[in-house]
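See below for query_27.cif, which holds mmCIF, C-alpha atoms.
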```
data_run
loop_
_atom_site.label_atom_id
_atom_site.label_comp_id
_atom_site.auth_asym_id
_atom_site.auth_seq_id
_atom_site.Cartn_x
_atom_site.Cartn_y
_atom_site.Cartn_z
CA MET T 948 -11.02 -45.09 -16.39
CA GLY T 949 -14.04 -43.84 -14.52
CA ARG T 950 -11.77 -41.87 -12.18
CA LEU T 951 -9.86 -40.37 -15.17
CA ALA T 952 -13.12 -39.14 -16.65
CA PHE T 953 -13.67 -37.20 -13.42
CA ILE T 954 -10.49 -35.09 -13.93
CA PRO T 955 -11.82 -32.87 -16.83
CA LEU T 956 -14.96 -32.28 -14.76
CA LEU T 957 -12.85 -31.23 -11.77
CA LEU T 958 -10.74 -28.91 -13.96
CA LEU T 959 -13.91 -27.35 -15.36
CA LEU T 960 -15.15 -26.80 -11.83
CA ILE T 961 -11.85 -25.15 -10.79
CA ILE T 962 -11.88 -22.91 -13.88
CA SER T 963 -15.48 -21.90 -13.25
CA CYS T 964 -14.56 -20.88 -9.68
CA THR T 965 -11.64 -18.63 -10.67
CA GLY T 966 -12.61 -17.39 -14.16
CA MET T 967 -15.24 -14.88 -15.17
CA PRO T 968 -18.82 -16.06 -14.67
CA SER T 969 -21.27 -15.70 -17.53
CA ILE T 970 -23.94 -12.99 -17.26
CA ARG T 971 -27.59 -13.81 -17.91
CA ASP T 972 -29.54 -11.03 -19.63
CA GLU T 973 -32.43 -9.31 -17.83
CA SER T 974 -35.36 -7.09 -18.87
CA PRO T 975 -34.53 -3.44 -19.70
CA GLU T 976 -36.30 -2.26 -16.48
CA ARG T 977 -34.35 -4.72 -14.37
CA ARG T 978 -31.07 -3.75 -16.11
CA GLU T 979 -31.76 -0.08 -15.27
CA ARG T 980 -32.26 -0.97 -11.61
CA ILE T 981 -29.08 -3.07 -11.52
CA LEU T 982 -27.06 -0.29 -13.15
CA ALA T 983 -28.38 2.27 -10.64
CA ARG T 984 -27.33 0.04 -7.74
CA CYS T 985 -23.92 -0.66 -9.31
CA ARG T 986 -23.33 3.11 -9.48
CA GLU T 987 -24.04 3.39 -5.74
CA THR T 988 -21.02 1.21 -4.98
CA SER T 989 -18.65 4.04 -5.93
CA ILE T 990 -18.49 7.52 -4.44
CA SER T 991 -20.28 10.31 -6.30
CA ARG T 992 -18.78 13.25 -4.35
CA SER T 993 -15.38 14.11 -2.98
CA CYS T 994 -14.86 12.23 0.30
CA ARG T 995 -12.27 11.81 3.00
CA PHE T 996 -11.89 8.39 4.63
CA VAL T 997 -9.85 7.24 7.60
CA HIS T 998 -9.52 3.47 8.00
CA SER T 999 -7.64 1.11 10.22
CA ILE T 1000 -5.99 -1.40 7.90
CA GLU T 1001 -5.07 -4.97 8.71
CA ALA T 1002 -2.77 -6.50 6.09
CA ASP T 1003 -2.11 -10.19 5.61
CA LEU T 1004 1.05 -10.33 3.55
CA GLN T 1005 3.02 -13.08 1.85
CA GLY T 1006 5.20 -15.09 4.19
CA ASN T 1007 2.48 -15.21 6.85
CA ARG T 1008 3.28 -11.65 7.91
CA LYS T 1009 0.71 -9.28 9.38
CA GLY T 1010 0.78 -5.50 9.41
CA PHE T 1011 -1.45 -2.82 10.89
CA VAL T 1012 -1.58 0.79 9.81
CA ILE T 1013 -3.99 3.69 9.50
CA GLY T 1014 -4.94 4.85 6.02
CA ILE T 1015 -6.20 8.28 5.04
CA SER T 1016 -7.65 8.87 1.58
CA VAL T 1017 -9.21 11.90 -0.03
CA ALA T 1018 -10.92 10.83 -3.24
CA ASP T 1019 -12.47 13.15 -5.79
CA PRO T 1020 -14.49 11.24 -8.41
CA ALA T 1021 -15.01 14.31 -10.64
CA SER T 1022 -11.29 14.78 -11.28
CA ARG T 1023 -10.48 11.11 -10.55
CA THR T 1024 -7.73 12.21 -8.19
CA LEU T 1025 -6.70 10.62 -4.95
CA GLU T 1026 -4.41 11.66 -2.17
CA SER T 1027 -3.52 8.96 0.33
CA ALA T 1028 -1.32 8.46 3.33
CA ILE T 1029 -0.42 5.45 5.42
CA MET T 1030 0.71 6.00 8.96
CA SER T 1031 1.68 3.86 11.89
CA LEU T 1032 -0.60 3.72 14.91
CA GLU T 1033 1.98 5.98 16.59
CA GLY T 1034 1.26 8.64 13.97
CA ILE T 1035 4.45 8.37 11.89
CA VAL T 1036 3.57 8.87 8.21
CA LEU T 1037 5.11 5.96 6.31
CA PHE T 1038 3.80 6.71 2.85
CA GLN T 1039 2.06 9.57 1.10
CA ALA T 1040 1.18 9.84 -2.55
CA ARG T 1041 -1.15 11.46 -5.03
CA TYR T 1042 -2.84 9.71 -7.91
CA ALA T 1043 -3.95 11.60 -11.00
CA ARG T 1044 -3.20 9.30 -13.94
CA THR T 1045 0.34 9.26 -12.62
CA VAL T 1046 1.31 8.36 -9.07
CA SER T 1047 3.40 11.04 -7.37
CA VAL T 1048 5.03 9.87 -4.16
CA SER T 1049 5.97 12.52 -1.61
CA ARG T 1050 6.98 10.27 1.31
CA ALA T 1051 7.89 6.60 1.43
CA ILE T 1052 9.88 4.90 4.17
CA ASP T 1053 10.76 1.39 5.27
CA LEU T 1054 8.61 -1.29 3.65
CA PHE T 1055 6.61 1.29 1.72
CA SER T 1056 9.39 2.64 -0.45
CA SER T 1057 9.07 0.46 -3.54
CA PRO T 1058 7.53 2.11 -6.65
CA SER T 1059 5.53 -1.06 -7.39
CA PHE T 1060 3.95 -0.82 -3.93
CA ALA T 1061 2.96 2.81 -4.60
CA GLN T 1062 1.45 1.99 -7.97
CA SER T 1063 -0.41 -1.05 -6.69
CA MET T 1064 -1.73 0.72 -3.59
CA MET T 1065 -3.06 3.75 -5.42
CA LYS T 1066 -4.71 1.54 -8.06
CA ASP T 1067 -6.33 -0.50 -5.29
CA ILE T 1068 -7.73 2.63 -3.65
CA ALA T 1069 -9.00 3.94 -6.99
CA LEU T 1070 -10.69 0.59 -7.59
CA ILE T 1071 -12.39 0.74 -4.19
CA PHE T 1072 -13.77 4.27 -4.50
CA PHE T 1073 -14.09 5.21 -8.17
CA ALA T 1074 -16.66 4.05 -10.73
CA PRO T 1075 -15.31 2.70 -14.04
CA GLU T 1076 -14.71 5.39 -16.66
CA ASN T 1077 -16.40 3.51 -19.49
CA PRO T 1078 -20.05 2.42 -19.79
CA PRO T 1079 -20.91 -1.20 -18.91
CA THR T 1080 -20.48 -3.84 -21.57
CA ALA T 1081 -23.02 -6.20 -19.92
CA ILE T 1082 -25.68 -5.95 -17.23
CA GLY T 1083 -27.60 -8.88 -15.78
CA SER T 1084 -27.33 -11.70 -13.30
CA SER T 1085 -24.34 -13.94 -12.68
CA ALA T 1086 -23.58 -16.71 -10.22
CA GLU T 1087 -22.27 -13.95 -7.91
CA GLY T 1088 -25.49 -11.86 -8.04
CA SER T 1089 -26.79 -8.84 -9.95
CA THR T 1090 -23.80 -7.75 -12.01
CA CYS T 1091 -22.55 -4.85 -14.12
CA ARG T 1092 -19.56 -5.77 -16.29
CA PHE T 1093 -17.03 -3.25 -17.59
CA ALA T 1094 -14.55 -4.71 -20.10
CA THR T 1095 -11.62 -2.65 -21.40
CA GLY T 1096 -8.62 -4.23 -23.10
CA GLU T 1097 -7.20 -7.04 -21.01
CA GLU T 1098 -9.11 -6.01 -17.87
CA THR T 1099 -12.71 -6.73 -16.94
CA LEU T 1100 -14.40 -5.39 -13.82
CA ASP T 1101 -17.55 -6.96 -12.41
CA ILE T 1102 -19.55 -4.93 -9.88
CA ILE T 1103 -21.98 -7.11 -7.98
CA TRP T 1104 -24.55 -5.83 -5.53
CA HIS T 1105 -26.63 -7.77 -3.07
CA PRO T 1106 -30.13 -7.02 -1.78
CA ASP T 1107 -28.77 -6.28 1.75
CA GLY T 1108 -26.77 -3.33 0.33
CA SER T 1109 -23.38 -5.06 0.44
CA TRP T 1110 -21.39 -5.20 -2.78
CA LYS T 1111 -18.39 -6.73 -4.44
CA LYS T 1112 -15.98 -5.57 -7.15
CA ILE T 1113 -13.99 -8.26 -8.96
CA LEU T 1114 -11.21 -7.34 -11.36
CA TYR T 1115 -10.07 -9.89 -13.95
CA ARG T 1116 -6.95 -9.60 -16.05
CA ASN T 1117 -6.87 -11.81 -19.14
CA GLY T 1118 -9.75 -13.75 -17.61
CA LYS T 1119 -8.00 -14.39 -14.29
CA ARG T 1120 -9.25 -12.88 -11.06
CA VAL T 1121 -6.61 -10.44 -9.75
CA ARG T 1122 -8.56 -8.34 -7.23
CA SER T 1123 -11.66 -8.91 -5.20
CA ILE T 1124 -13.13 -6.13 -3.05
CA SER T 1125 -16.04 -6.83 -0.72
CA ALA T 1126 -17.98 -4.19 1.17
CA LEU T 1127 -18.96 -6.32 4.14
CA SER T 1128 -21.36 -3.92 5.82
CA ILE T 1129 -22.82 -0.55 4.88
CA ASN T 1130 -23.38 2.06 7.58
CA GLU T 1131 -26.44 4.31 7.96
CA ARG T 1132 -24.76 7.01 5.83
CA GLY T 1133 -24.19 4.60 2.96
CA PHE T 1134 -20.42 4.16 3.49
CA PRO T 1135 -18.96 0.66 3.79
CA ALA T 1136 -18.03 0.15 7.45
CA GLU T 1137 -15.77 -2.77 6.53
CA ILE T 1138 -14.01 -3.57 3.28
CA GLU T 1139 -11.95 -6.62 2.42
CA LEU T 1140 -9.56 -6.55 -0.52
CA GLU T 1141 -7.94 -9.71 -1.78
CA ALA T 1142 -5.06 -9.43 -4.26
CA ARG T 1143 -4.03 -12.44 -6.30
CA GLY T 1144 -1.20 -12.81 -8.77
CA ASP T 1145 2.56 -12.56 -8.31
CA TYR T 1146 2.21 -10.83 -4.95
CA ARG T 1147 -0.76 -11.98 -2.87
CA TYR T 1148 -2.17 -10.04 0.05
CA THR T 1149 -5.41 -9.37 1.84
CA LEU T 1150 -6.39 -6.03 3.33
CA TYR T 1151 -9.18 -5.57 5.85
CA LEU T 1152 -10.24 -1.94 6.16
CA LYS T 1153 -12.37 -0.81 9.08
CA LEU T 1154 -13.88 2.64 8.77
CA ILE T 1155 -12.85 5.14 11.46
CA SER T 1156 -14.40 8.20 9.82
CA ALA T 1157 -15.88 9.30 6.51
CA GLU T 1158 -16.94 12.74 5.44
CA TYR T 1159 -17.77 14.66 2.30
CA THR T 1160 -15.31 17.37 1.39
CA THR T 1161 -15.71 20.43 -0.77
CA ALA T 1162 -14.11 20.10 -4.19
CA GLY T 1163 -11.38 22.58 -3.20
CA ALA T 1164 -10.45 20.49 -0.18
CA SER T 1165 -10.09 17.39 -2.27
CA ALA T 1166 -7.00 15.77 -3.63
CA GLY T 1167 -7.29 17.84 -6.79
CA LYS T 1168 -6.65 21.09 -4.92
CA LYS T 1169 -3.01 21.54 -5.79
CA PRO T 1170 -0.68 19.67 -8.06
CA LEU T 1171 1.89 17.71 -6.09
CA SER T 1172 4.22 17.90 -9.06
CA ASN T 1173 4.97 21.49 -7.97
CA ASN T 1174 5.95 20.25 -4.55
CA SER T 1175 9.69 20.22 -4.11
CA ARG T 1176 9.41 17.32 -1.64
CA MET T 1177 8.07 14.91 -4.24
CA LEU T 1178 10.21 11.78 -4.29
CA TYR T 1179 9.21 10.27 -7.63
CA SER T 1180 6.39 9.96 -10.11
CA ILE T 1181 5.24 6.88 -12.01
CA HIS T 1182 2.60 6.33 -14.66
CA ALA T 1183 -0.39 4.56 -13.16
CA GLY T 1184 -0.83 2.34 -16.22
CA MET Y 625 28.56 13.92 23.10
CA ILE Y 626 27.65 17.53 23.78
CA THR Y 627 29.03 19.82 21.13
CA ALA Y 628 30.46 23.26 21.87
CA ILE Y 629 27.38 24.96 20.44
CA LYS Y 630 25.08 22.89 22.64
CA LYS Y 631 27.19 23.69 25.70
CA ILE Y 632 26.86 27.40 24.93
CA MET Y 633 23.10 27.04 24.51
CA VAL Y 634 22.77 25.13 27.76
CA ILE Y 635 24.75 27.81 29.58
CA ALA Y 636 22.63 30.55 27.96
CA ALA Y 637 19.45 28.72 28.94
CA ALA Y 638 20.69 28.25 32.49
CA LEU Y 639 21.01 32.01 32.86
CA VAL Y 640 17.35 32.66 32.11
CA LEU Y 641 15.63 29.64 33.63
CA VAL Y 642 14.76 29.65 37.30
CA SER Y 643 12.84 26.41 37.83
CA TRP Y 644 14.11 22.84 38.22
CA ALA Y 645 14.96 22.77 34.58
CA ASP Y 646 17.76 25.23 35.03
CA ASN Y 647 20.10 23.29 32.82
CA ARG Y 648 20.46 19.96 31.09
CA GLY Y 649 22.28 18.56 34.11
CA ASP Y 650 19.32 19.43 36.37
CA VAL Y 651 16.90 17.84 33.93
CA GLU Y 652 18.97 14.69 33.73
CA GLN Y 653 19.53 14.56 37.50
CA ALA Y 654 15.81 14.93 38.23
CA ALA Y 655 14.92 12.25 35.69
CA GLN Y 656 17.45 9.84 37.16
CA LYS Y 657 15.48 9.80 40.43
CA ILE Y 658 12.58 8.30 38.50
CA THR Y 659 12.30 4.51 38.64
CA SER Y 660 8.88 4.23 37.00
CA ILE Y 661 6.21 6.37 35.33
CA ASN Y 662 2.66 5.60 34.32
CA ALA Y 663 0.23 7.96 32.64
CA GLU Y 664 -2.73 8.30 30.34
CA PHE Y 665 -2.08 10.00 27.04
CA THR Y 666 -3.84 11.65 24.14
CA GLN Y 667 -2.16 11.49 20.75
CA THR Y 668 -3.24 14.14 18.25
CA LYS Y 669 -2.16 13.70 14.66
CA LYS Y 670 -2.28 16.81 12.49
CA MET Y 671 -1.57 16.84 8.78
CA GLU Y 672 -2.88 18.69 5.75
CA LEU Y 673 -4.68 15.61 4.44
CA LEU Y 674 -6.81 15.44 7.60
CA ALA Y 675 -9.52 18.10 7.96
CA ARG Y 676 -9.68 17.43 11.68
CA PRO Y 677 -6.89 16.00 13.79
CA LEU Y 678 -6.98 12.25 14.34
CA VAL Y 679 -7.12 11.68 18.08
CA SER Y 680 -5.99 8.44 19.73
CA THR Y 681 -6.01 7.74 23.45
CA GLY Y 682 -4.23 5.27 25.66
CA LYS Y 683 -2.00 4.69 28.63
CA PHE Y 684 1.64 3.85 29.13
CA TYR Y 685 3.91 2.34 31.75
CA TYR Y 686 7.66 2.80 31.96
CA ARG Y 687 10.07 1.11 34.34
CA GLN Y 688 13.82 1.58 34.62
CA PRO Y 689 16.03 0.72 32.85
CA GLY Y 690 14.17 0.21 29.57
CA SER Y 691 10.77 -1.44 29.90
CA LEU Y 692 7.82 0.21 28.19
CA ARG Y 693 4.17 -0.68 27.66
CA TRP Y 694 2.45 1.65 25.23
CA GLU Y 695 -1.22 0.83 24.96
CA TYR Y 696 -3.84 2.43 22.70
CA THR Y 697 -7.45 2.12 23.76
CA SER Y 698 -8.99 3.99 20.79
CA PRO Y 699 -9.61 4.19 17.88
CA VAL Y 700 -7.55 1.01 17.34
CA GLN Y 701 -6.79 -1.17 20.36
CA SER Y 702 -3.14 -2.17 20.48
CA VAL Y 703 -0.41 -2.97 22.97
CA LEU Y 704 3.27 -2.38 22.32
CA MET Y 705 5.81 -3.82 24.72
CA LEU Y 706 9.53 -3.11 24.85
CA HIS Y 707 11.37 -5.25 27.40
CA SER Y 708 14.95 -6.56 27.57
CA GLY Y 709 15.59 -5.04 24.14
CA SER Y 710 12.76 -6.97 22.54
CA LEU Y 711 9.91 -5.11 20.81
CA HIS Y 712 6.45 -6.62 20.21
CA ARG Y 713 3.15 -5.08 19.22
CA TYR Y 714 -0.25 -6.75 19.35
CA ILE Y 715 -3.39 -5.43 17.72
CA LYS Y 716 -7.01 -6.28 18.48
CA THR Y 717 -8.53 -7.82 15.36
CA ARG Y 718 -11.64 -9.79 14.52
CA GLN Y 719 -9.69 -12.85 15.69
CA GLY Y 720 -8.53 -11.29 18.97
CA PHE Y 721 -5.04 -9.88 19.62
CA VAL Y 722 -2.46 -10.76 16.95
CA GLU Y 723 1.17 -9.75 16.61
CA ASP Y 724 2.05 -7.01 14.16
CA ASP Y 725 5.21 -7.56 12.11
CA THR Y 726 5.53 -3.89 11.20
CA ALA Y 727 6.46 -3.18 14.84
CA LYS Y 728 9.93 -4.19 13.77
CA LEU Y 729 10.08 -1.21 11.44
CA LYS Y 730 13.23 0.80 11.99
CA SER Y 731 11.37 4.10 12.39
CA MET Y 732 9.21 2.67 15.18
CA ALA Y 733 12.18 1.23 17.01
CA VAL Y 734 13.97 4.60 16.83
CA VAL Y 735 11.06 6.52 18.38
CA LEU Y 736 10.40 3.99 21.14
CA THR Y 737 14.02 3.55 22.10
CA GLU Y 738 14.23 7.33 22.30
CA ILE Y 739 11.18 7.53 24.55
CA THR Y 740 12.78 5.19 27.09
CA SER Y 741 16.00 7.23 26.94
CA TRP Y 742 14.10 10.44 27.66
CA PHE Y 743 12.45 8.90 30.69
CA ARG Y 744 15.93 8.09 31.96
CA GLY Y 745 16.83 11.75 31.48
CA THR Y 746 19.25 10.85 28.71
CA PHE Y 747 18.70 13.16 25.80
CA ASP Y 748 21.90 12.74 23.84
CA ALA Y 749 22.49 8.99 24.06
CA ASN Y 750 21.48 8.53 20.44
CA PRO Y 751 24.23 9.85 18.16
CA ASP Y 752 21.61 10.35 15.44
CA PHE Y 753 20.06 13.27 17.35
CA GLU Y 754 21.38 16.61 18.50
CA ALA Y 755 19.80 17.77 21.76
CA ARG Y 756 19.41 21.34 22.97
CA LEU Y 757 17.53 22.98 25.82
CA GLN Y 758 14.94 25.58 24.83
CA ALA Y 759 14.08 28.29 27.36
CA SER Y 760 11.03 29.88 25.75
CA PRO Y 761 8.16 29.97 24.88
CA SER Y 762 8.15 26.85 27.06
CA LYS Y 763 10.90 24.82 28.65
CA ALA Y 764 11.72 22.01 26.30
CA ILE Y 765 14.41 19.71 25.04
CA ILE Y 766 14.61 19.89 21.26
CA LEU Y 767 15.99 16.83 19.48
CA THR Y 768 17.04 17.27 15.87
CA PRO Y 769 18.10 14.31 13.71
CA LYS Y 770 21.62 14.45 12.38
CA SER Y 771 21.60 11.57 9.92
CA PRO Y 772 20.08 12.23 6.48
CA GLY Y 773 18.10 8.97 6.72
CA LEU Y 774 16.37 9.98 9.93
CA LYS Y 775 15.81 13.55 8.69
CA LYS Y 776 13.57 12.08 5.99
CA ILE Y 777 11.31 10.68 8.73
CA ILE Y 778 11.46 13.26 11.53
CA SER Y 779 12.33 16.97 11.41
CA SER Y 780 12.42 17.45 15.19
CA ILE Y 781 11.14 16.12 18.49
CA GLU Y 782 10.19 18.58 21.18
CA LEU Y 783 9.99 17.32 24.77
CA GLN Y 784 8.10 19.88 26.82
CA LEU Y 785 9.04 19.77 30.48
CA SER Y 786 6.54 19.88 33.30
CA ASP Y 787 7.06 21.96 36.43
CA ARG Y 788 7.16 18.61 38.22
CA PRO Y 789 10.82 17.53 38.35
CA GLY Y 790 11.73 14.81 35.90
CA VAL Y 791 8.42 14.81 34.06
CA ILE Y 792 7.83 15.43 30.37
CA HIS Y 793 4.18 16.42 29.92
CA ARG Y 794 4.02 16.95 26.17
CA VAL Y 795 5.93 15.60 23.17
CA VAL Y 796 5.68 17.14 19.71
CA ILE Y 797 7.05 15.03 16.86
CA ARG Y 798 7.40 17.05 13.67
CA GLU Y 799 7.69 15.16 10.42
CA GLY Y 800 7.29 18.15 8.14
CA GLU Y 801 5.95 21.67 8.00
CA LYS Y 802 2.28 20.70 8.48
CA ASN Y 803 2.68 17.14 9.68
CA LEU Y 804 3.02 16.66 13.40
CA THR Y 805 2.03 14.36 16.24
CA ILE Y 806 1.34 15.72 19.72
CA LEU Y 807 1.43 13.45 22.76
CA GLU Y 808 -0.05 14.89 25.94
CA PHE Y 809 0.24 13.05 29.25
CA ARG Y 810 -2.12 13.29 32.22
CA ASN Y 811 -2.72 11.53 35.54
CA ILE Y 812 1.01 10.98 35.74
CA GLY Y 813 2.15 8.57 38.44
CA ILE Y 814 5.81 8.48 39.44
CA ASN Y 815 7.82 5.73 41.10
CA ALA Y 816 4.82 3.46 41.69
CA GLU Y 817 5.49 -0.27 41.67
CA ILE Y 818 4.82 -1.72 38.21
CA GLN Y 819 4.67 -5.49 37.79
CA GLU Y 820 6.94 -7.04 35.16
CA GLU Y 821 3.97 -8.83 33.55
CA LEU Y 822 2.79 -5.50 32.17
CA PHE Y 823 5.83 -5.48 29.88
CA THR Y 824 5.62 -9.10 28.82
CA GLN Y 825 1.94 -10.07 28.78
CA LEU Y 826 -1.22 -8.72 27.17
#
```
Can the structure from this file be put into structure tokens for me?
Amino acid sequence: MGRLAFIPLLLLLIISCTGMPSIRDESPERRERILARCRETSISRSCRFVHSIEADLQGNRKGFVIGISVADPASRTLESAIMSLEGIVLFQARYARTVSVSRAIDLFSSPSFAQSMMKDIALIFFAPENPPTAIGSSAEGSTCRFATGEETLDIIWHPDGSWKKILYRNGKRVRSISALSINERGFPAEIELEARGDYRYTLYLKLISAEYTTAGASAGKKPLSNNSRMLYSIHAG
Amino acid sequence: MITAIKKIMVIAAALVLVSWADNRGDVEQAAQKITSINAEFTQTKKMELLARPLVSTGKFYYRQPGSLRWEYTSPVQSVLMLHSGSLHRYIKTRQGFVEDDTAKLKSMAVVLTEITSWFRGTFDANPDFEARLQASPSKAIILTPKSPGLKKIISSIELQLSDRPGVIHRVVIREGEKNLTILEFRNIGINAEIQEELFTQL
């Protein structure tokens, strides 16, 4: 009987580890400081990033590619490419509310991959569109919470400059992004993304180069929909 | 199989070229004297999305009939080995070298199998490509994919021939109008003894 009584406690512990943590309120001054730091976790100007990407995929498979992303927070547009180490472009797409795919070969040709990848990149680089619904401290650290519909995003920053973004869907954690180290220019030198749900994977991104771009050189420069080479377009959801 | 058009082009090229690369037969004959090649290379990736080209460096070893070690030293350390028809790629990670499953991608296998064919001086072994000899602006073998599937990946591959018999010193892989990869070879060693371990071990 004593052992049976332990089961609800264990379940509660499991739920508390995977569900959304509660946020403890802070003073207005402290909330302002937390919000300012949360904003720093997303880019404020158009940037171009080149990363080496290590993917741990379902079925104990590993993959290595190079990722290029040009992200413009003002227009919330992204243009991204994945290429092999040998320089062959395996996937290229643009994200501007809809995902427009211009090149997709081999394992990268599924529309769900395109949609998921572009949403992941947007989550890494862009700030939420809506204001926070809660600011304070959680078990994870100083937290800004952005709840919209079925999705809730927690942005957590730590005193050493590292940060974490956790996306919940219907209360379940579906994405976790950790900036493991921040370089002297303020860009994360290493990022780890963990996807949970129907298709689980982990991506480890190591920064090769990062630079600010002019707005005209950003992904918003020209609409890909006018490009005759576009393969398909899907709504980002 | 060489088509009639290609034969005409080879003959036309032979009339204007005066060096070792006088015709496809000369190119192939010179390459067949090669038993091994090793070189350092610089790979320059150019595409519209990149403001500056992405430069990778490394070295490679090739031994007849089809063994290849293609090793990147920067920016990502990796070793790709093709030996006895088996392709493996290992990448340096936080946990040391680990095998990459994407090395089995069809596109990768196509390019690497082609590279070993070129070193053998065989430019039309793959029925998916049409090969022609270009006389100017530089002597080159131009490979153009024939199959619609491959055309989606590669528009053309240009093998620029060195003045040194049997040696390709530059490869340009075009994937689209503004998307290309340039491989440039230097410190090229020919017919040196290369141990088998280089194609089977890290």
Could you list, as a compact mmCIF listing (two decimals) with C-alpha atoms, keeping the file's coordinate frame, every residue matched by the PyMOL selection byres ((chain Y) within 9 of (chain T)) in this structure?
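Listed below is the output, expr.txt:
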```
# COMPACT_ATOMS: atom_id res chain seq x y z
CA GLN Y 667 -2.16 11.49 20.75
CA THR Y 668 -3.24 14.14 18.25
CA LYS Y 669 -2.16 13.70 14.66
CA LEU Y 673 -4.68 15.61 4.44
CA LEU Y 674 -6.81 15.44 7.60
CA ALA Y 675 -9.52 18.10 7.96
CA LEU Y 678 -6.98 12.25 14.34
CA SER Y 680 -5.99 8.44 19.73
CA TYR Y 696 -3.84 2.43 22.70
CA PRO Y 699 -9.61 4.19 17.88
CA VAL Y 700 -7.55 1.01 17.34
CA SER Y 702 -3.14 -2.17 20.48
CA ILE Y 715 -3.39 -5.43 17.72
CA THR Y 717 -8.53 -7.82 15.36
CA VAL Y 722 -2.46 -10.76 16.95
CA GLU Y 723 1.17 -9.75 16.61
CA ASP Y 724 2.05 -7.01 14.16
CA ASP Y 725 5.21 -7.56 12.11
CA THR Y 726 5.53 -3.89 11.20
CA ALA Y 727 6.46 -3.18 14.84
CA LEU Y 729 10.08 -1.21 11.44
CA LYS Y 730 13.23 0.80 11.99
CA SER Y 731 11.37 4.10 12.39
CA MET Y 732 9.21 2.67 15.18
CA LYS Y 776 13.57 12.08 5.99
CA ILE Y 777 11.31 10.68 8.73
CA ILE Y 778 11.46 13.26 11.53
CA ILE Y 797 7.05 15.03 16.86
CA GLU Y 799 7.69 15.16 10.42
CA ASN Y 803 2.68 17.14 9.68
CA LEU Y 804 3.02 16.66 13.40
CA THR Y 805 2.03 14.36 16.24
```
### Task
Could you tell me which of T:Thr988, T:Ser1059, T:Ala1043, T:Gly1006 comes closest to Ile1138 of chain T if we count all atoms listed in the file?
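With all atoms listed in the file as the atom set, the closest residue is T:Thr988.
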### Task
List, as a list in words, every residue that the PyMOL selection byres ((chain T and resi 1142) around 6) selects in the file provided.
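With the PyMOL selection byres ((chain T and resi 1142) around 6) on this model, the match is Val1121, Arg1122, Glu1141, Arg1143, Arg1147 and Tyr1148 of chain T.
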### Task
Apply the PyMOL selection byres ((chain Y and resi 808-818) around 12) to the structure shown and report the selected residues as a ChimeraX atom specification.
/Y:654-669,679-688,691-693,743,782-786,788-797,805-807,819-824
#### Entry: Minimum-distance residue to Ile1103 of chain T, chosen among T:Asp1019, T:Ser1089, T:Met967, T:Ile990 (using only C-alpha atoms)
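Under the stated criterion, the closest residue is T:Ser1089.
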### Message
Need the shell around Phe1093 of chain T: protein/DNA/RNA residues with any atom at most 7 Å away, counting all atoms listed in the file. Skip same-chain ones fewer than 2 positions apart. Format as an NGL selection string?
### Response
:T and (1078-1080 or 1091 or 1095 or 1099-1101)
### Query
How many Å lie between atom CA of Ile766 of chain Y and atom CA of Ser780 of chain Y, rounded to one decimal?
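The value is 6.9 Å.
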#### Entry: Shortest interatomic distance to Ala1069 of chain T - which of T:Arg978, T:His1105, T:Arg986, T:Arg1041, counting only C-alpha atoms
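That would be T:Arg1041, the residue with the smallest distance to Ala1069 of chain T.
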### Message
To one decimal place in Å, what is the distance between atom CA of Glu801 of chain Y and atom CA of Phe1038 of chain T?
### Response
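Spanning atom CA of Glu801 of chain Y to atom CA of Phe1038 of chain T is a straight-line distance of 16.0 Å.
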### Message
Please determine, counting all atoms listed in the file, which residue among Y:Arg756, Y:Lys716, Y:Lys775, Y:Lys763 has the shortest atom-to-atom distance to Arg798 of chain Y.
### Response
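Closest to Arg798 of chain Y, using all atoms listed in the file: Y:Lys775.
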### Task
Could you jot down the atom CA of Ile739 of chain Y to atom CA of Gly1014 of chain T separation for me, Å, one decimal place?
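One can read the atom CA of Ile739 of chain Y to atom CA of Gly1014 of chain T distance as 24.7 Å.
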### Query
Which one is closest to Lys770 of chain Y: Y:Leu826, Y:Pro751, Y:Gln701, Y:Leu757? Count all atoms listed in the file.
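Ranked by minimum distance to Lys770 of chain Y, first place goes to Y:Pro751.
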### Task
Mind checking which residues fall within 12 Å of Ile1102 of chain T, counting only C-alpha atoms, ignoring those fewer than 3 positions away in the same chain, and posting them as an NGL selection string?
:T and (970 or 981-989 or 1070-1071 or 1073-1075 or 1079-1085 or 1087-1094 or 1099 or 1105 or 1109-1115 or 1122-1126)
Residue rebuild result segment 1152-1156 of chain T, N, CA and C atoms as an mmCIF file, in the frame of the given file:
```cif
data_model
loop_
_atom_site.group_PDB
_atom_site.id
_atom_site.type_symbol
_atom_site.label_atom_id
_atom_site.label_comp_id
_atom_site.auth_asym_id
_atom_site.auth_seq_id
_atom_site.Cartn_x
_atom_site.Cartn_y
_atom_site.Cartn_z
ATOM 1 N N LEU T 1152 -10.133 -3.354 5.812
ATOM 2 C CA LEU T 1152 -10.240 -1.940 6.160
ATOM 3 C C LEU T 1152 -11.464 -1.723 7.042
ATOM 4 N N LYS T 1153 -11.250 -1.121 8.190
ATOM 5 C CA LYS T 1153 -12.370 -0.810 9.080
ATOM 6 C C LYS T 1153 -12.491 0.708 9.150
ATOM 7 N N LEU T 1154 -13.676 1.195 8.858
ATOM 8 C CA LEU T 1154 -13.880 2.640 8.770
ATOM 9 C C LEU T 1154 -13.787 3.307 10.147
ATOM 10 N N ILE T 1155 -12.924 4.328 10.246
ATOM 11 C CA ILE T 1155 -12.850 5.140 11.460
ATOM 12 C C ILE T 1155 -13.703 6.395 11.277
ATOM 13 N N SER T 1156 -13.549 7.038 10.114
ATOM 14 C CA SER T 1156 -14.400 8.200 9.820
ATOM 15 C C SER T 1156 -14.521 8.389 8.321
#
```
